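Student: What follows is a structure written as structure tokens; I'll ask about it next.
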Amino acid sequence: MTQPSARTQSPEPRLATLAIHGGQAPEPHTGSIMPPIFQTSTYVQPGLDQGWPWEYARVQNPTREALERNVASLERASHGIAFASGMAAIDCVARLLSAGDHVVCEENTYGGTTRLATQVLNRAGLSFSFVDSRDPQRIRDALQPNTRLVLLETPTNPMMRLCDLRAAADATRDAGVLLCVDNTFATPVNQRPHETGADIVMHSTTKYLNGHSDIIGGVLTVRDPDLNERLRFLRKSTGAVPGPMDCWLCLRGTKTLHVRMREHNANGLAMARFLEAHPAVEEVHYPGLPSHPQHELAARQMTGFSGMVSVTLPTEDAVRRLVEGTRIFALAESLGGVESLISVPALMTHASVPRERREEMGVSGRVVRLSVGIEDPQDLLEDLDRALGRGPGW
Ligand SMILES: *Cc1c(COP(=O)(O)O)cnc(C)c1O
């Protein structure tokens, strides 16, 4: 094969270009610049034995495939596989395993992931070890001869702990174990785990990728064609596919991902700095602050720190006053939308995690989680300040 000359070789497009164009060519019949919503269950075949690529919409859908190519390009992967929810995506990864297999999982992971592991997948014969992956040696120590998967999340929800992704990939590669990273909090704008050796990257597209709080969805990305085939086979067999309208909405969302994340990163950092200096706040958990115990790692493996900020307050009463007192920050689960949300993980997203396990991880009733949106940061600061009980009333 001859090498293209430097002049004709087109450079790999950068993230902002990929967000808008990745995986999406104009529709060939009309030139429609937007991928159409192929709202259909089946496709008319031109005849028997003609190898028509479109059979049935659980298996193929062009709108869904545009989203899959788009997210794969952002994660620097070669394949994307979209799901009806983030949980369906994680469940599909677990179905790569068989009864008797073992999984090592970050202990401070999303509450729904813990519930799936300890109340559903355990009954199918999978066993789990939950570890504090801030120390990658704990991942190595937890590996057993029957370990097939390491499931990580970094930064974690809601304590913003980090795992060194390169060290984790070294540990799993040495052991021949799959590494799956939930990249929902960071997004491919801030962190791309395939580049440090992750086999599977997972997103709840419900959050930042869609970014407008109007769908539930999930996606996996992989670089290995064989892994792609196995995951597609599982999805075809179990059926948790997203509808074409939701895929189209998510594609509209990813077009502005880089712009939104710039604002989320800036507003998240502004809130974290403000809260750190606030007398009513005991502790701020945000990887972008130099006071974060893993700030050096954060600066090494992330290029921004997103809009997710957690704070510990002195009392549960103070928590109630804050979350019921804000006027812009809305009391709600979920995250990653353009609007700011506030929640109490111990009572909301992490209510299904047993109390002792929650407390061990620091997720007490005194922790408040903010999903900082892209409103004017001054308005957001004033909203928090007022609800924390220092500023003037409206
Ligand atoms: C929301 C979320 C999930 C689950 O995704 P759904 O789309 O709600 O099913 C998994 N991981 C993280 C980090 C999440 O925030």
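Going through the structure tokens in order, the chains are called A, B, and so on, while each chain numbers its residues from 1 and the ligands are numbered from 1 in the order shown.
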Could you pull the residues within 8 Å of Pro377 of chain A, counting only C-alpha atoms, minus those fewer than 4 positions along the same chain, as a short mmCIF file (atom, residue, chain, number, x, y, z; two decimals) with N, CA, C and O atoms, in the first residue's frame?
Tutor:
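Okay, around36.cif is ready:
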data_model
loop_
_atom_site.label_atom_id
_atom_site.label_comp_id
_atom_site.auth_asym_id
_atom_site.auth_seq_id
_atom_site.Cartn_x
_atom_site.Cartn_y
_atom_site.Cartn_z
N ASN A 267 -18.96 26.67 34.42
CA ASN A 267 -19.91 26.93 35.51
C ASN A 267 -19.68 25.99 36.69
O ASN A 267 -19.82 26.39 37.85
N ALA A 270 -16.78 27.35 38.58
CA ALA A 270 -17.16 28.60 39.28
C ALA A 270 -17.97 28.28 40.55
O ALA A 270 -17.74 28.87 41.61
N MET A 271 -18.92 27.32 40.44
CA MET A 271 -19.72 26.95 41.63
C MET A 271 -18.83 26.30 42.67
O MET A 271 -18.97 26.58 43.87
N LEU A 381 -24.77 31.44 41.23
CA LEU A 381 -24.09 31.72 42.51
C LEU A 381 -25.05 32.39 43.48
O LEU A 381 -25.13 32.02 44.65
#
Student: Return as a PDB file with N, CA, C and O atoms, in the first residue's frame the residues of protein, DNA or RNA that approach ligand 1 to within 7 Å, with only C-alpha atoms and all ligand atoms taken into account.
Tutor:
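As a result, pocket-v3.pdb now contains:
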ATOM      1  N   SER A  85     -31.699   2.526  27.340  1.00  0.00           N
ATOM      2  CA  SER A  85     -31.316   3.265  28.544  1.00  0.00           C
ATOM      3  C   SER A  85     -29.868   2.943  28.878  1.00  0.00           C
ATOM      4  O   SER A  85     -29.304   1.973  28.353  1.00  0.00           O
ATOM      5  N   GLY A  86     -29.305   3.730  29.775  1.00  0.00           N
ATOM      6  CA  GLY A  86     -27.955   3.434  30.247  1.00  0.00           C
ATOM      7  C   GLY A  86     -27.904   2.083  30.949  1.00  0.00           C
ATOM      8  O   GLY A  86     -26.960   1.311  30.784  1.00  0.00           O
ATOM      9  N   MET A  87     -28.949   1.775  31.733  1.00  0.00           N
ATOM     10  CA  MET A  87     -28.960   0.492  32.439  1.00  0.00           C
ATOM     11  C   MET A  87     -29.013  -0.681  31.472  1.00  0.00           C
ATOM     12  O   MET A  87     -28.383  -1.714  31.702  1.00  0.00           O
ATOM     13  N   ALA A  88     -29.768  -0.530  30.372  1.00  0.00           N
ATOM     14  CA  ALA A  88     -29.816  -1.605  29.374  1.00  0.00           C
ATOM     15  C   ALA A  88     -28.426  -1.821  28.764  1.00  0.00           C
ATOM     16  O   ALA A  88     -28.048  -2.953  28.450  1.00  0.00           O
ATOM     17  N   TYR A 110     -22.755   4.406  40.235  1.00  0.00           N
ATOM     18  CA  TYR A 110     -24.162   4.810  40.111  1.00  0.00           C
ATOM     19  C   TYR A 110     -25.069   3.824  40.855  1.00  0.00           C
ATOM     20  O   TYR A 110     -24.887   2.603  40.738  1.00  0.00           O
ATOM     21  N   GLY A 112     -28.024   2.706  40.402  1.00  0.00           N
ATOM     22  CA  GLY A 112     -28.723   1.734  39.557  1.00  0.00           C
ATOM     23  C   GLY A 112     -27.811   0.587  39.147  1.00  0.00           C
ATOM     24  O   GLY A 112     -28.258  -0.548  38.972  1.00  0.00           O
ATOM     25  N   THR A 113     -26.530   0.874  38.980  1.00  0.00           N
ATOM     26  CA  THR A 113     -25.562  -0.176  38.633  1.00  0.00           C
ATOM     27  C   THR A 113     -25.389  -1.126  39.818  1.00  0.00           C
ATOM     28  O   THR A 113     -25.353  -2.352  39.654  1.00  0.00           O
ATOM     29  N   GLU A 153     -16.126   3.581  37.029  1.00  0.00           N
ATOM     30  CA  GLU A 153     -16.785   4.855  36.771  1.00  0.00           C
ATOM     31  C   GLU A 153     -15.828   5.897  37.319  1.00  0.00           C
ATOM     32  O   GLU A 153     -15.383   5.774  38.462  1.00  0.00           O
ATOM     33  N   ASN A 157     -20.035   8.867  41.171  1.00  0.00           N
ATOM     34  CA  ASN A 157     -21.283   9.534  41.504  1.00  0.00           C
ATOM     35  C   ASN A 157     -21.684   9.108  42.913  1.00  0.00           C
ATOM     36  O   ASN A 157     -21.928   7.927  43.122  1.00  0.00           O
ATOM     37  N   ASP A 182     -17.673   3.566  32.618  1.00  0.00           N
ATOM     38  CA  ASP A 182     -18.860   4.418  32.517  1.00  0.00           C
ATOM     39  C   ASP A 182     -18.354   5.866  32.442  1.00  0.00           C
ATOM     40  O   ASP A 182     -17.845   6.409  33.422  1.00  0.00           O
ATOM     41  N   THR A 184     -20.141   8.559  31.633  1.00  0.00           N
ATOM     42  CA  THR A 184     -21.293   9.465  31.621  1.00  0.00           C
ATOM     43  C   THR A 184     -20.967  10.835  32.228  1.00  0.00           C
ATOM     44  O   THR A 184     -21.352  11.867  31.686  1.00  0.00           O
ATOM     45  N   PHE A 185     -20.247  10.833  33.363  1.00  0.00           N
ATOM     46  CA  PHE A 185     -19.983  12.107  34.052  1.00  0.00           C
ATOM     47  C   PHE A 185     -18.975  12.972  33.282  1.00  0.00           C
ATOM     48  O   PHE A 185     -19.095  14.182  33.285  1.00  0.00           O
ATOM     49  N   HIS A 203     -22.149   5.024  28.145  1.00  0.00           N
ATOM     50  CA  HIS A 203     -22.789   6.297  28.504  1.00  0.00           C
ATOM     51  C   HIS A 203     -24.264   6.097  28.773  1.00  0.00           C
ATOM     52  O   HIS A 203     -24.931   5.363  28.037  1.00  0.00           O
ATOM     53  N   SER A 204     -24.770   6.775  29.763  1.00  0.00           N
ATOM     54  CA  SER A 204     -26.191   7.061  29.805  1.00  0.00           C
ATOM     55  C   SER A 204     -26.356   8.307  28.946  1.00  0.00           C
ATOM     56  O   SER A 204     -25.979   9.412  29.360  1.00  0.00           O
ATOM     57  N   THR A 205     -26.891   8.152  27.721  1.00  0.00           N
ATOM     58  CA  THR A 205     -27.068   9.323  26.848  1.00  0.00           C
ATOM     59  C   THR A 205     -28.156  10.252  27.382  1.00  0.00           C
ATOM     60  O   THR A 205     -28.280  11.394  26.937  1.00  0.00           O
ATOM     61  N   THR A 206     -28.931   9.742  28.345  1.00  0.00           N
ATOM     62  CA  THR A 206     -29.919  10.540  29.068  1.00  0.00           C
ATOM     63  C   THR A 206     -29.288  11.839  29.602  1.00  0.00           C
ATOM     64  O   THR A 206     -29.978  12.843  29.750  1.00  0.00           O
ATOM     65  N   LYS A 207     -27.981  11.783  29.893  1.00  0.00           N
ATOM     66  CA  LYS A 207     -27.308  12.852  30.616  1.00  0.00           C
ATOM     67  C   LYS A 207     -26.667  13.836  29.629  1.00  0.00           C
ATOM     68  O   LYS A 207     -27.352  14.407  28.815  1.00  0.00           O
ATOM     69  N   ILE A 216     -34.519   9.077  27.538  1.00  0.00           N
ATOM     70  CA  ILE A 216     -33.732   8.094  28.277  1.00  0.00           C
ATOM     71  C   ILE A 216     -33.017   7.267  27.222  1.00  0.00           C
ATOM     72  O   ILE A 216     -33.647   6.817  26.247  1.00  0.00           O
ATOM     73  N   GLY A 217     -31.700   7.076  27.389  1.00  0.00           N
ATOM     74  CA  GLY A 217     -30.963   6.285  26.397  1.00  0.00           C
ATOM     75  C   GLY A 217     -29.597   5.890  26.898  1.00  0.00           C
ATOM     76  O   GLY A 217     -29.104   6.412  27.903  1.00  0.00           O
ATOM     77  N   GLY A 218     -28.991   4.935  26.205  1.00  0.00           N
ATOM     78  CA  GLY A 218     -27.644   4.488  26.556  1.00  0.00           C
ATOM     79  C   GLY A 218     -26.861   4.130  25.315  1.00  0.00           C
ATOM     80  O   GLY A 218     -27.445   3.948  24.236  1.00  0.00           O
ATOM     81  N   SER A 334     -31.325  12.861  38.062  1.00  0.00           N
ATOM     82  CA  SER A 334     -30.722  13.027  36.736  1.00  0.00           C
ATOM     83  C   SER A 334     -29.704  14.184  36.742  1.00  0.00           C
ATOM     84  O   SER A 334     -29.493  14.846  37.775  1.00  0.00           O
ATOM     85  N   LEU A 335     -29.076  14.372  35.604  1.00  0.00           N
ATOM     86  CA  LEU A 335     -27.967  15.322  35.495  1.00  0.00           C
ATOM     87  C   LEU A 335     -27.660  15.551  34.023  1.00  0.00           C
ATOM     88  O   LEU A 335     -28.179  14.859  33.162  1.00  0.00           O
TER      89      LEU A 335
END
Student: Which residue is closest to Met308 of chain A? Choose from A:Asp246, A:Pro155, A:Arg386, A:Glu107 and count only C-alpha atoms.
Tutor: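 Ranked by minimum distance to Met308 of chain A, first place goes to A:Pro155.
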Student: Suppose you want the space between atom CA of Glu75 of chain A and atom CA of Leu179 of chain A; what is it in Å?
Tutor: 15.1 Å
Student: Just list the residues in segment 43-240 of chain A DSSP gives strand (DSSP E) on the backbone, as JSON, numbers by chain.
Tutor: {"A": [79, 80, 81, 82, 83, 102, 103, 104, 105, 106, 127, 128, 129, 130, 131, 147, 148, 149, 150, 151, 152, 153, 178, 179, 180, 181, 182, 200, 201, 202, 203, 204, 218, 219, 220, 221, 222]}
Student: Write the residues of the selection above to a file with N, CA, C and O atoms, as a compact mmCIF listing (two decimals), in the first residue's frame.
Tutor:
# COMPACT_ATOMS: atom_id res chain seq x y z
N HIS A 79 -16.90 1.42 16.75
CA HIS A 79 -18.30 0.98 16.72
C HIS A 79 -19.05 1.55 17.91
O HIS A 79 -18.51 1.62 19.01
N GLY A 80 -20.33 1.89 17.69
CA GLY A 80 -21.23 2.26 18.78
C GLY A 80 -22.43 1.33 18.75
O GLY A 80 -22.83 0.86 17.68
N ILE A 81 -22.98 1.06 19.92
CA ILE A 81 -24.19 0.22 20.02
C ILE A 81 -25.14 0.95 20.96
O ILE A 81 -24.82 1.13 22.14
N ALA A 82 -26.29 1.39 20.44
CA ALA A 82 -27.20 2.23 21.23
C ALA A 82 -28.27 1.37 21.91
O ALA A 82 -28.68 0.34 21.39
N PHE A 83 -28.73 1.85 23.07
CA PHE A 83 -29.69 1.12 23.89
C PHE A 83 -30.82 2.03 24.35
O PHE A 83 -30.69 3.26 24.31
N HIS A 102 -17.06 -13.71 37.49
CA HIS A 102 -16.89 -12.72 38.56
C HIS A 102 -16.58 -11.35 37.96
O HIS A 102 -15.90 -11.25 36.93
N VAL A 103 -17.10 -10.31 38.61
CA VAL A 103 -16.92 -8.93 38.15
C VAL A 103 -16.31 -8.11 39.28
O VAL A 103 -16.73 -8.23 40.43
N VAL A 104 -15.35 -7.26 38.94
CA VAL A 104 -14.83 -6.29 39.90
C VAL A 104 -15.45 -4.94 39.53
O VAL A 104 -15.37 -4.51 38.38
N CYS A 105 -16.07 -4.30 40.52
CA CYS A 105 -16.84 -3.08 40.25
C CYS A 105 -16.44 -1.99 41.24
O CYS A 105 -16.27 -2.25 42.42
N GLU A 106 -16.28 -0.78 40.74
CA GLU A 106 -16.03 0.37 41.63
C GLU A 106 -17.19 0.47 42.64
O GLU A 106 -18.35 0.38 42.27
N SER A 127 -20.94 -13.10 40.29
CA SER A 127 -20.57 -12.57 41.61
C SER A 127 -19.77 -11.29 41.41
O SER A 127 -19.13 -11.08 40.37
N PHE A 128 -19.82 -10.44 42.41
CA PHE A 128 -19.23 -9.10 42.32
C PHE A 128 -18.34 -8.82 43.52
O PHE A 128 -18.69 -9.18 44.64
N SER A 129 -17.21 -8.16 43.26
CA SER A 129 -16.42 -7.57 44.34
C SER A 129 -16.44 -6.07 44.13
O SER A 129 -16.11 -5.60 43.03
N PHE A 130 -16.82 -5.34 45.16
CA PHE A 130 -16.85 -3.88 45.05
C PHE A 130 -15.57 -3.33 45.68
O PHE A 130 -15.24 -3.67 46.82
N VAL A 131 -14.85 -2.51 44.92
CA VAL A 131 -13.57 -2.01 45.41
C VAL A 131 -13.51 -0.50 45.30
O VAL A 131 -14.21 0.11 44.50
N THR A 147 -12.55 -13.98 37.11
CA THR A 147 -12.93 -12.59 36.81
C THR A 147 -12.90 -12.37 35.30
O THR A 147 -11.92 -12.70 34.64
N ARG A 148 -13.99 -11.82 34.76
CA ARG A 148 -14.07 -11.58 33.31
C ARG A 148 -14.21 -10.09 32.97
O ARG A 148 -14.05 -9.70 31.83
N LEU A 149 -14.61 -9.29 33.99
CA LEU A 149 -14.96 -7.90 33.69
C LEU A 149 -14.59 -7.01 34.87
O LEU A 149 -14.82 -7.38 36.02
N VAL A 150 -14.04 -5.84 34.54
CA VAL A 150 -13.86 -4.78 35.55
C VAL A 150 -14.70 -3.59 35.09
O VAL A 150 -14.59 -3.14 33.94
N LEU A 151 -15.57 -3.15 35.98
CA LEU A 151 -16.52 -2.10 35.65
C LEU A 151 -16.20 -0.87 36.49
O LEU A 151 -16.33 -0.91 37.72
N LEU A 152 -15.78 0.20 35.81
CA LEU A 152 -15.34 1.39 36.54
C LEU A 152 -16.17 2.60 36.15
O LEU A 152 -16.79 2.64 35.09
N GLU A 153 -16.13 3.58 37.03
CA GLU A 153 -16.79 4.85 36.77
C GLU A 153 -15.83 5.90 37.32
O GLU A 153 -15.38 5.77 38.46
N LEU A 178 -11.85 -7.94 30.56
CA LEU A 178 -12.42 -6.77 29.87
C LEU A 178 -12.53 -5.59 30.83
O LEU A 178 -12.94 -5.76 31.98
N LEU A 179 -12.22 -4.40 30.32
CA LEU A 179 -12.39 -3.18 31.11
C LEU A 179 -13.48 -2.33 30.49
O LEU A 179 -13.39 -1.93 29.32
N CYS A 180 -14.52 -2.07 31.27
CA CYS A 180 -15.63 -1.20 30.83
C CYS A 180 -15.64 0.04 31.72
O CYS A 180 -15.63 -0.06 32.94
N VAL A 181 -15.66 1.21 31.10
CA VAL A 181 -15.67 2.48 31.85
C VAL A 181 -16.96 3.24 31.57
O VAL A 181 -17.28 3.52 30.41
N ASP A 182 -17.67 3.57 32.62
CA ASP A 182 -18.86 4.42 32.52
C ASP A 182 -18.35 5.87 32.44
O ASP A 182 -17.85 6.41 33.42
N ILE A 200 -14.43 -1.20 26.58
CA ILE A 200 -15.81 -0.75 26.36
C ILE A 200 -16.01 0.57 27.10
O ILE A 200 -15.62 0.70 28.26
N VAL A 201 -16.58 1.56 26.42
CA VAL A 201 -16.97 2.81 27.08
C VAL A 201 -18.49 2.87 27.06
O VAL A 201 -19.12 2.55 26.05
N MET A 202 -19.05 3.24 28.20
CA MET A 202 -20.50 3.25 28.34
C MET A 202 -20.97 4.67 28.68
O MET A 202 -20.27 5.41 29.37
N HIS A 203 -22.15 5.02 28.15
CA HIS A 203 -22.79 6.30 28.50
C HIS A 203 -24.26 6.10 28.77
O HIS A 203 -24.93 5.36 28.04
N SER A 204 -24.77 6.77 29.76
CA SER A 204 -26.19 7.06 29.80
C SER A 204 -26.36 8.31 28.95
O SER A 204 -25.98 9.41 29.36
N GLY A 218 -28.99 4.94 26.21
CA GLY A 218 -27.64 4.49 26.56
C GLY A 218 -26.86 4.13 25.32
O GLY A 218 -27.45 3.95 24.24
N VAL A 219 -25.54 4.06 25.46
CA VAL A 219 -24.71 3.65 24.32
C VAL A 219 -23.43 3.01 24.83
O VAL A 219 -22.95 3.34 25.92
N LEU A 220 -22.93 2.05 24.06
CA LEU A 220 -21.60 1.47 24.32
C LEU A 220 -20.74 1.78 23.11
O LEU A 220 -21.25 1.82 21.98
N THR A 221 -19.44 1.98 23.33
CA THR A 221 -18.52 2.07 22.19
C THR A 221 -17.38 1.08 22.40
O THR A 221 -16.98 0.81 23.54
N VAL A 222 -16.89 0.54 21.28
CA VAL A 222 -15.79 -0.43 21.31
C VAL A 222 -14.88 -0.19 20.11
O VAL A 222 -15.29 0.41 19.12
Student: Name the residues in contact with Glu339 of chain A at a cut-off of 10 Å, using only C-alpha atoms, excluding same-chain residues fewer than 5 positions from it; report them as a PyMOL selection string.
Tutor: chain A and resi 211-213+328-330+371-375
Student: Find the residues around segment 315-322 of chain A up to 12 Å (only C-alpha atoms counted), leave out those fewer than 6 positions away in its own chain, and share them as a list in words.
Tutor: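 What passes the distance filter is Ala280, Val281, Glu282, Ile328, Phe329, Ala330, Leu331, Ile342, Ser343, Val344, Pro345, Ala346, Leu347, Ser364, Gly365, Arg366, Val367, Val368, Arg369, Leu370, Asp383, Leu384, Asp385, Arg386, Ala387, Leu388, Gly389 and Arg390 of chain A.
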